[in-house]
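The data block below is upload-v3.txt; it holds compact mmCIF, C-alpha atoms.
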```
# COMPACT_ATOMS: atom_id res chain seq x y z
CA MET X 252 0.00 0.00 0.00
CA PHE X 253 1.31 3.46 -0.89
CA GLY X 254 1.83 6.03 1.86
CA TYR X 255 0.13 9.35 2.41
CA ASP X 256 1.38 12.81 3.24
CA LEU X 257 -0.11 13.82 6.59
CA GLY X 258 -0.99 17.14 8.16
CA MET X 259 -1.13 16.92 11.95
CA ASP X 260 -2.48 19.36 14.53
CA LEU X 261 -0.49 18.48 17.64
CA GLY X 262 -2.80 20.17 20.09
CA THR X 263 -2.83 20.06 23.87
CA GLY X 264 -6.41 18.83 23.92
CA THR X 265 -6.78 17.01 20.58
CA ILE X 266 -4.79 15.40 17.80
CA VAL X 267 -6.28 16.08 14.35
CA ILE X 268 -4.82 14.44 11.23
CA SER X 269 -5.56 15.37 7.61
CA ILE X 270 -4.56 13.53 4.44
CA VAL X 271 -3.96 15.42 1.20
CA GLY X 272 -7.00 14.92 -1.00
CA LYS X 273 -9.06 13.28 1.77
CA GLY X 274 -9.37 16.00 4.41
CA VAL X 275 -9.65 15.30 8.14
CA VAL X 276 -9.43 11.57 8.84
CA LEU X 277 -8.82 11.54 12.62
CA ASP X 278 -9.92 13.77 15.50
CA GLU X 279 -9.05 12.30 18.90
CA PRO X 280 -8.34 13.67 22.39
CA ALA X 281 -4.58 13.97 23.04
CA TYR X 282 -4.71 11.88 26.21
CA VAL X 283 -2.82 8.74 27.21
CA ALA X 284 -3.67 6.21 29.92
CA TYR X 285 -0.59 4.31 31.04
CA ASP X 286 0.58 1.73 33.56
CA THR X 287 2.36 3.67 36.32
CA GLU X 288 4.74 0.79 37.05
CA SER X 289 5.95 -0.02 33.54
CA GLU X 290 5.09 3.41 31.99
CA LYS X 291 3.62 1.58 29.03
CA MET X 292 0.69 3.12 27.17
CA LEU X 293 -2.59 1.27 27.70
CA TYR X 294 -5.05 3.50 25.85
CA ALA X 295 -4.89 6.68 23.76
CA GLY X 296 -7.55 9.05 22.54
CA LYS X 297 -11.20 8.96 23.60
CA ARG X 298 -10.90 6.01 25.95
CA ALA X 299 -8.06 7.67 27.88
CA TYR X 300 -9.89 11.02 27.86
CA TYR X 301 -13.02 9.62 29.51
CA LEU X 302 -10.89 7.69 32.01
CA GLU X 303 -9.40 10.89 33.48
CA GLY X 304 -10.63 11.30 37.05
CA ARG X 305 -11.87 7.70 37.02
CA GLU X 306 -8.52 5.88 36.92
CA PRO X 307 -8.20 2.48 38.65
CA ASN X 308 -5.19 1.71 40.84
CA GLY X 309 -1.95 1.51 38.86
CA VAL X 310 -3.25 3.57 35.93
CA SER X 311 -2.71 7.29 35.30
CA VAL X 312 -3.94 9.64 32.57
CA ILE X 313 -1.85 12.53 31.20
CA GLN X 314 -1.57 14.87 28.24
CA PRO X 315 1.97 14.12 27.00
CA ILE X 316 2.12 17.33 24.90
CA CYS X 317 1.07 20.50 26.73
CA GLU X 318 1.18 24.01 25.27
CA GLY X 319 3.31 22.71 22.40
CA VAL X 320 5.90 21.40 24.86
CA VAL X 321 6.59 17.71 25.40
CA SER X 322 5.99 16.69 29.01
CA ASN X 323 6.67 12.97 28.51
CA TYR X 324 8.81 11.95 25.52
CA ALA X 325 8.16 8.19 25.65
CA LEU X 326 4.37 8.44 26.01
CA ALA X 327 4.13 11.23 23.41
CA THR X 328 5.98 9.01 20.92
CA GLN X 329 3.72 6.03 21.68
CA MET X 330 0.58 8.17 21.35
CA VAL X 331 1.58 9.79 18.04
CA GLY X 332 2.76 6.42 16.66
CA TYR X 333 -0.60 4.87 17.58
CA PHE X 334 -2.52 7.58 15.71
CA ILE X 335 -0.23 7.47 12.66
CA ASP X 336 -0.68 3.68 12.44
CA LYS X 337 -4.43 4.10 12.80
CA VAL X 338 -4.53 6.48 9.83
CA SER X 339 -1.91 4.94 7.54
CA LYS X 340 -3.02 1.36 8.26
CA LYS X 341 0.55 0.04 8.38
CA SER X 342 1.53 1.50 5.01
CA ILE X 343 4.86 0.23 3.67
CA PHE X 344 5.98 3.81 3.03
CA LYS X 345 6.54 6.29 5.83
CA PRO X 346 4.67 9.59 5.32
CA ARG X 347 6.00 13.10 5.00
CA MET X 348 4.36 15.24 7.64
CA VAL X 349 3.56 18.90 8.29
CA ALA X 350 2.75 19.69 11.91
CA ASN X 351 1.98 22.86 13.84
CA VAL X 352 4.11 24.43 16.57
CA PRO X 353 3.48 27.46 18.85
CA SER X 354 4.94 30.62 17.34
CA ASP X 355 7.12 31.25 20.42
CA SER X 356 8.57 27.73 20.64
CA THR X 357 12.33 27.40 21.06
CA ASP X 358 14.70 25.51 18.77
CA VAL X 359 15.05 22.79 21.43
CA GLU X 360 11.26 22.34 21.64
CA ARG X 361 10.99 22.14 17.85
CA ARG X 362 13.75 19.54 17.65
CA MET X 363 11.96 17.52 20.33
CA LEU X 364 8.69 17.55 18.37
CA ILE X 365 10.46 16.55 15.16
CA SER X 366 12.20 13.77 17.08
CA ILE X 367 8.88 12.45 18.35
CA LEU X 368 7.23 12.52 14.93
CA ILE X 369 10.11 10.78 13.15
CA THR X 370 10.49 8.17 15.89
CA ALA X 371 6.72 7.60 15.74
CA GLY X 372 6.84 6.84 12.01
CA ALA X 373 7.25 9.95 9.85
CA ARG X 374 9.81 9.99 7.05
CA SER X 375 10.43 13.75 7.25
CA VAL X 376 8.79 16.60 9.12
CA CYS X 377 8.15 20.30 8.52
CA LEU X 378 6.98 22.43 11.46
CA ILE X 379 4.86 25.52 10.74
CA GLU X 380 3.65 28.07 13.26
CA GLU X 381 0.12 27.48 14.51
CA PRO X 382 -1.53 30.78 13.47
CA LEU X 383 -0.10 30.39 9.95
CA CYS X 384 -1.65 26.91 9.68
CA ALA X 385 -4.94 28.25 11.07
CA ALA X 386 -5.04 31.00 8.44
CA PHE X 387 -4.40 28.52 5.59
CA GLY X 388 -7.08 26.19 6.97
CA ALA X 389 -9.58 29.06 7.17
CA GLY X 390 -9.14 29.76 3.45
CA ILE X 391 -6.35 32.36 3.31
CA ASP X 392 -4.14 31.80 0.25
CA PRO X 393 -0.39 31.60 1.09
CA VAL X 394 0.31 34.12 -1.70
CA HIS X 395 -2.35 36.58 -0.48
CA PRO X 396 -0.54 39.96 -0.38
CA GLY X 397 -2.81 41.73 2.12
CA GLY X 398 -2.60 41.60 5.91
CA VAL X 399 -4.70 39.13 7.88
CA PHE X 400 -5.10 39.00 11.66
CA VAL X 401 -5.53 35.47 13.05
CA ILE X 402 -6.24 34.40 16.65
CA ASP X 403 -6.09 30.64 17.22
CA SER X 404 -7.32 29.73 20.70
CA GLY X 405 -6.81 26.08 21.56
CA ALA X 406 -6.74 24.01 24.73
CA GLY X 407 -3.23 24.97 25.84
CA THR X 408 -2.33 28.28 24.20
CA THR X 409 -3.78 31.19 22.24
CA ASP X 410 -1.57 32.01 19.25
CA MET X 411 -2.10 35.21 17.31
CA ALA X 412 -0.35 36.66 14.29
CA VAL X 413 -0.55 39.25 11.54
CA ILE X 414 0.06 37.34 8.30
CA SER X 415 1.04 38.65 4.88
CA GLN X 416 2.27 36.82 1.77
CA GLY X 417 2.57 33.43 3.46
CA SER X 418 4.63 34.58 6.48
CA MET X 419 4.12 36.26 9.85
CA SER X 420 4.73 39.98 10.30
CA GLN X 421 3.91 39.95 14.03
CA CYS X 422 3.12 37.08 16.38
CA GLU X 423 2.40 36.41 20.04
CA THR X 424 1.59 33.36 22.14
CA VAL X 425 -0.49 33.62 25.33
CA LYS X 426 -0.34 30.65 27.70
CA VAL X 427 -4.12 30.71 28.09
CA GLY X 428 -6.51 28.23 26.51
CA GLY X 429 -9.46 25.93 27.07
CA ASP X 430 -7.72 23.94 29.81
CA ASP X 431 -7.09 27.17 31.74
CA PHE X 432 -10.80 27.99 31.46
CA ASP X 433 -11.60 24.55 32.92
CA ARG X 434 -9.20 25.06 35.83
CA ALA X 435 -10.62 28.53 36.52
CA ILE X 436 -14.16 27.10 36.64
CA ALA X 437 -13.08 24.30 39.01
CA LYS X 438 -11.38 26.87 41.30
CA TYR X 439 -14.44 29.12 41.23
CA MET X 440 -16.75 26.25 42.19
CA ARG X 441 -14.46 25.32 45.09
CA ASP X 442 -14.01 28.87 46.39
CA LYS X 443 -17.53 30.23 45.83
CA HIS X 444 -19.76 27.19 46.30
CA GLY X 445 -17.59 24.80 48.35
CA LEU X 446 -17.90 22.18 45.62
CA LEU X 447 -15.06 20.00 44.36
CA ILE X 448 -15.55 19.01 40.71
CA GLY X 449 -13.43 17.11 38.18
CA MET X 450 -11.99 18.52 34.97
CA ARG X 451 -14.58 16.74 32.84
CA THR X 452 -17.38 18.40 34.84
CA ALA X 453 -15.66 21.79 34.52
CA GLU X 454 -15.39 21.26 30.77
CA ASP X 455 -19.10 20.39 30.55
CA ILE X 456 -19.96 23.60 32.41
CA LYS X 457 -17.77 25.60 30.01
CA LYS X 458 -19.33 24.05 26.90
CA ASN X 459 -22.95 24.22 28.09
CA ILE X 460 -23.21 27.62 29.79
CA GLY X 461 -19.76 29.25 29.56
CA CYS X 462 -19.57 32.61 27.79
CA ALA X 463 -17.14 35.44 27.11
CA VAL X 464 -19.77 38.20 27.36
CA PRO X 465 -22.83 38.24 29.65
CA ARG X 466 -26.04 36.82 28.17
CA ASP X 467 -29.20 38.94 28.12
CA ALA X 468 -31.22 35.82 28.92
CA ASP X 469 -29.12 33.92 31.44
CA VAL X 470 -28.91 30.13 31.42
CA THR X 471 -28.39 27.69 34.30
CA MET X 472 -27.26 24.13 34.91
CA GLN X 473 -26.60 21.83 37.84
CA ALA X 474 -23.04 21.01 38.84
CA LYS X 475 -22.43 17.81 40.80
CA GLY X 476 -19.42 17.06 42.95
CA ARG X 477 -18.17 16.70 46.52
CA ASN X 478 -18.81 19.06 49.40
CA THR X 479 -15.48 20.52 50.56
CA LEU X 480 -16.60 20.50 54.23
CA SER X 481 -18.60 17.31 54.69
CA GLY X 482 -17.05 15.21 51.93
CA LEU X 483 -20.54 14.15 50.86
CA PRO X 484 -22.16 14.53 47.40
CA LYS X 485 -23.47 18.02 46.64
CA VAL X 486 -25.43 19.60 43.79
CA VAL X 487 -25.22 23.33 43.00
CA GLU X 488 -27.16 25.33 40.43
CA ILE X 489 -24.98 27.86 38.62
CA THR X 490 -25.60 30.47 35.94
CA GLY X 491 -23.77 31.25 32.72
CA ASN X 492 -23.06 34.83 33.75
CA GLU X 493 -21.35 33.56 36.89
CA ILE X 494 -18.99 31.55 34.71
CA CYS X 495 -18.49 34.57 32.44
CA GLU X 496 -17.33 36.60 35.45
CA CYS X 497 -14.90 33.93 36.65
CA LEU X 498 -13.32 33.62 33.17
CA GLN X 499 -12.74 37.36 32.65
CA PRO X 500 -9.10 37.36 33.90
CA GLN X 501 -8.21 34.77 31.22
CA PHE X 502 -10.02 36.69 28.48
CA ASP X 503 -8.34 39.92 29.58
CA LYS X 504 -4.89 38.38 29.01
CA ILE X 505 -5.87 37.45 25.44
CA THR X 506 -7.43 40.79 24.53
CA GLN X 507 -4.63 42.87 26.08
CA THR X 508 -2.00 40.89 24.17
CA ALA X 509 -3.94 41.38 20.91
CA LYS X 510 -4.14 45.14 21.50
CA ALA X 511 -0.41 45.33 22.24
CA MET X 512 0.38 43.44 19.03
CA PHE X 513 -1.60 46.00 17.02
CA GLU X 514 0.66 48.74 18.33
CA ARG X 515 3.66 47.07 16.67
CA THR X 516 1.93 46.43 13.33
CA SER X 517 2.60 48.69 10.34
CA PRO X 518 -0.16 51.16 9.36
CA GLN X 519 -0.57 49.57 5.91
CA LEU X 520 -1.20 46.12 7.38
CA ILE X 521 -3.67 47.61 9.86
CA ALA X 522 -5.50 49.19 6.91
CA ASP X 523 -5.67 45.76 5.22
CA ILE X 524 -6.97 44.10 8.38
CA THR X 525 -9.57 46.83 8.97
CA SER X 526 -10.95 46.41 5.46
CA SER X 527 -11.46 42.66 5.95
CA SER X 528 -12.11 40.82 9.22
CA LEU X 529 -10.20 39.08 11.98
CA LEU X 530 -10.13 35.25 11.89
CA LEU X 531 -10.92 33.50 15.17
CA THR X 532 -10.09 29.78 15.08
CA GLY X 533 -9.39 26.91 17.48
CA GLY X 534 -11.64 24.92 19.79
CA SER X 535 -12.17 27.84 22.19
CA ALA X 536 -13.53 29.95 19.31
CA LYS X 537 -16.83 28.10 19.77
CA LEU X 538 -17.29 29.58 23.25
CA TYR X 539 -20.39 31.79 23.33
CA GLY X 540 -19.60 35.47 22.77
CA PHE X 541 -15.83 35.08 22.29
CA ASP X 542 -16.04 36.62 18.81
CA ARG X 543 -18.14 39.52 20.15
CA LEU X 544 -15.59 40.18 22.90
CA ILE X 545 -12.72 40.33 20.40
CA SER X 546 -14.76 42.49 18.02
CA ARG X 547 -15.67 44.94 20.78
CA THR X 548 -12.10 45.14 22.11
CA LEU X 549 -10.33 45.62 18.76
CA ALA X 550 -13.11 47.45 16.87
CA LEU X 551 -12.95 44.86 14.07
CA GLU X 552 -15.33 42.47 12.41
CA VAL X 553 -14.61 38.90 13.52
CA THR X 554 -15.19 35.78 11.43
CA VAL X 555 -15.37 32.29 12.96
CA PRO X 556 -14.91 29.62 10.25
CA VAL X 557 -17.06 26.51 10.09
CA ARG X 558 -15.58 23.93 12.51
CA PRO X 559 -12.81 26.26 13.75
CA ASN X 560 -11.19 23.46 15.74
CA LEU X 561 -10.12 21.76 12.47
CA CYS X 562 -8.53 24.81 10.81
CA VAL X 563 -4.96 24.06 11.93
CA SER X 564 -5.02 20.49 10.61
CA LYS X 565 -6.58 21.64 7.32
CA GLY X 566 -3.90 24.33 7.11
CA CYS X 567 -1.20 21.69 7.46
CA GLU X 568 -2.82 19.89 4.52
CA VAL X 569 -2.77 23.12 2.48
CA ALA X 570 0.91 23.61 3.37
CA LEU X 571 1.72 20.14 2.04
CA LYS X 572 0.16 21.09 -1.29
CA LYS X 573 2.01 24.43 -1.50
CA MET X 574 5.42 23.72 -0.01
CA HIS X 575 6.99 25.26 -3.14
CA ILE X 576 5.63 28.62 -1.94
CA LEU X 577 6.55 28.16 1.74
CA ASP X 578 10.09 27.15 0.74
CA ARG X 579 10.76 30.81 0.01
CA HIS X 580 10.16 31.64 3.67
CA GLY X 581 12.53 29.01 5.04
CA TYR X 582 10.09 26.15 5.66
CA SER X 583 11.45 22.75 4.68
CA PHE X 584 11.23 19.09 5.61
CA LYS X 585 13.73 17.77 8.16
CA THR X 586 14.91 14.15 8.03
CA LYS X 587 16.38 11.93 10.70
CA GLU X 588 19.89 12.78 9.55
CA GLU X 589 19.27 16.53 9.87
CA VAL X 590 17.90 16.44 13.42
CA ARG X 591 19.48 14.73 16.39
CA ILE X 592 17.08 11.99 17.47
CA ARG X 593 17.11 10.71 21.00
```
Can you give me the file's structure in the form of structure tokens?
Amino acid sequence: MFGYDLGMDLGTGTIVISIVGKGVVLDEPAYVAYDTESEKMLYAGKRAYYLEGREPNGVSVIQPICEGVVSNYALATQMVGYFIDKVSKKSIFKPRMVANVPSDSTDVERRMLISILITAGARSVCLIEEPLCAAFGAGIDPVHPGGVFVIDSGAGTTDMAVISQGSMSQCETVKVGGDDFDRAIAKYMRDKHGLLIGMRTAEDIKKNIGCAVPRDADVTMQAKGRNTLSGLPKVVEITGNEICECLQPQFDKITQTAKAMFERTSPQLIADITSSSLLLTGGSAKLYGFDRLISRTLALEVTVPVRPNLCVSKGCEVALKKMHILDRHGYSFKTKEEVRIR
């Protein structure tokens, strides 16, 4: 069987893989359940994700890649290898691969990611900054001469960049994402309501009633967990506007960074951006009112593409098709011989 070229979104929360000509073929949580004694992977993806907070003795669940940084080399390699095998179905040819990386990642972190991907089964790897991939996946042509402002808010980081002619003019990475929203909700429930909840419950609250701007017609839901005083089960009814208030410090970090980046952008690029609209991508882009908050803060129209969580992976697929253009900006495939592999 012939191999495929793969585009991979190596996210903190999810791994999304695209194949040139086929589109997105895999979308799985980036979680691993492993044996704590042998450190061998037991499950990866959805099964490991739903096991978090419910682990039996001797089993632990982690995210081996957090904020674009590898936290566990061995488990990250096993997880990525598992997903590559699942997609390529044991192809006799190893695939070329384009993967995303945070725009502020160091050379050491990039080499580590390339090492993982090649050890997991790639023939050669090209790393492209996350907001650039998000722009390509949202439909921006790599040869588009005008300026485009992209904010990609994922589970681990929020990457933003001003893009022109297939490269970044300005870029910033904020260490705030969907996982930080979940932790803020869990802390709020503990401090305000005396309720201990798991990360999966916090994520459900975020998805169901979380918002970036207050709703005119508020919504409510019940949160279930453990009473911090008695240790017994407890149910609390919470409102969406409560959650909006507790998430404001995280949103403020994102909006303030975006405003500061504008101050460094050339007037001509700002004119281009003002005449079009800002692109908001990533899984967190689906949060209610996030686009309105950005629009109000930056005085710009904001566009959220269809299925914004898949834009980065689709952008990696676009990059594979147009590497002859990206070559001019220094992007190229690295092989095992060109990168020191552990």
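Of note, atom CA of Ile414 of chain X and atom CA of His395 of chain X are spaced 9.1 Å apart.
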**OP:** Can you pull out every residue within 7 Å of Ala284 of chain X, counting all atoms listed in the file, but drop anything in the same chain fewer than 2 positions away, and send it as a ChimeraX atom specification?
**Re:** /X:282,292-295,299,310-313
Subject >> Residue neighbourhood Ser356 of chain X, 9 Å, all atoms listed in the file, exclusion window fewer than 6 positions, as a PyMOL selection string >> reply: chain X and resi 319-320+380
**OP:** Tell me which protein, DNA and RNA residues are within 10 Å of Tyr582 of chain X, counting all atoms listed in the file, leaving out same-chain ones fewer than 4 positions away, and put them as a PyMOL selection string.
**Re:** chain X and resi 377-379+570+574-578
**OP:** Extract, using only C-alpha atoms, all DNA, RNA and protein residues at most 12 Å from Ser366 of chain X, discarding same-chain residues fewer than 2 positions from it, and format them as a count of residues only.
**Re:** 33
Do a neighbour search on Ile316 of chain X at 9 Å with all atoms listed in the file, toss out local chain neighbours closer than 6 positions, and write the hits as an mmCIF file with C-alpha atoms, in the frame of the given file.
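Saved result, around.cif, follows:
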```cif
data_model
loop_
_atom_site.group_PDB
_atom_site.id
_atom_site.type_symbol
_atom_site.label_atom_id
_atom_site.label_comp_id
_atom_site.auth_asym_id
_atom_site.auth_seq_id
_atom_site.Cartn_x
_atom_site.Cartn_y
_atom_site.Cartn_z
ATOM 1 C CA LEU X 261 -0.490 18.480 17.640
ATOM 2 C CA GLY X 262 -2.800 20.170 20.090
ATOM 3 C CA THR X 263 -2.830 20.060 23.870
ATOM 4 C CA GLY X 264 -6.410 18.830 23.920
ATOM 5 C CA ALA X 281 -4.580 13.970 23.040
ATOM 6 C CA TYR X 282 -4.710 11.880 26.210
ATOM 7 C CA SER X 322 5.990 16.690 29.010
ATOM 8 C CA ASN X 323 6.670 12.970 28.510
ATOM 9 C CA TYR X 324 8.810 11.950 25.520
ATOM 10 C CA ALA X 327 4.130 11.230 23.410
#
```
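Nearest residue to Leu447 of chain X among X:Gly476, X:Gln421, X:Glu288, X:Glu514 is X:Gly476, counting only C-alpha atoms.
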**OP:** In Å, rounded to a single decimal, give me how far atom CA of Gly398 of chain X is from atom CA of Ala522 of chain X.
**Re:**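 Atom-to-atom, atom CA of Ala522 of chain X to atom CA of Gly398 of chain X, that is 8.2 Å.
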**OP:** Could you please determine the separation between atom CA of Ser528 of chain X and atom CA of Gly388 of chain X in Å, to one decimal place?
**Re:** 15.6 Å
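Considering all atoms listed in the file, the residue among X:Ala536, X:Pro396, X:Ser354, X:Ile266 positioned nearest to Asp523 of chain X is X:Pro396.
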Box dimensions and centre (Å, one decimal) enclosing segment 492-506 of chain X, axis-aligned, 5 Å extra per side, as AutoDock Vina command-line options:
```
--center_x -14.0 --center_y 36.2 --center_z 30.7 --size_x 28.2 --size_y 19.2 --size_z 22.4
```
Original post:
Looking at all atoms listed in the file, which of X:Tyr539, X:Phe584, X:Val569, X:Gly534 is the one that sits closest to Pro393 of chain X?
Top reply: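 Among the listed residues, X:Val569 lies closest to Pro393 of chain X.
The smallest atom-to-atom distance between Met440 of chain X and any of X:Lys572, X:Lys485, X:Lys458, X:Arg305, using only C-alpha atoms, is found for X:Lys485.
The smallest atom-to-atom distance between Ile545 of chain X and any of X:Glu381, X:Leu326, X:Gln507, X:Leu571, using all atoms listed in the file, is found for X:Gln507.
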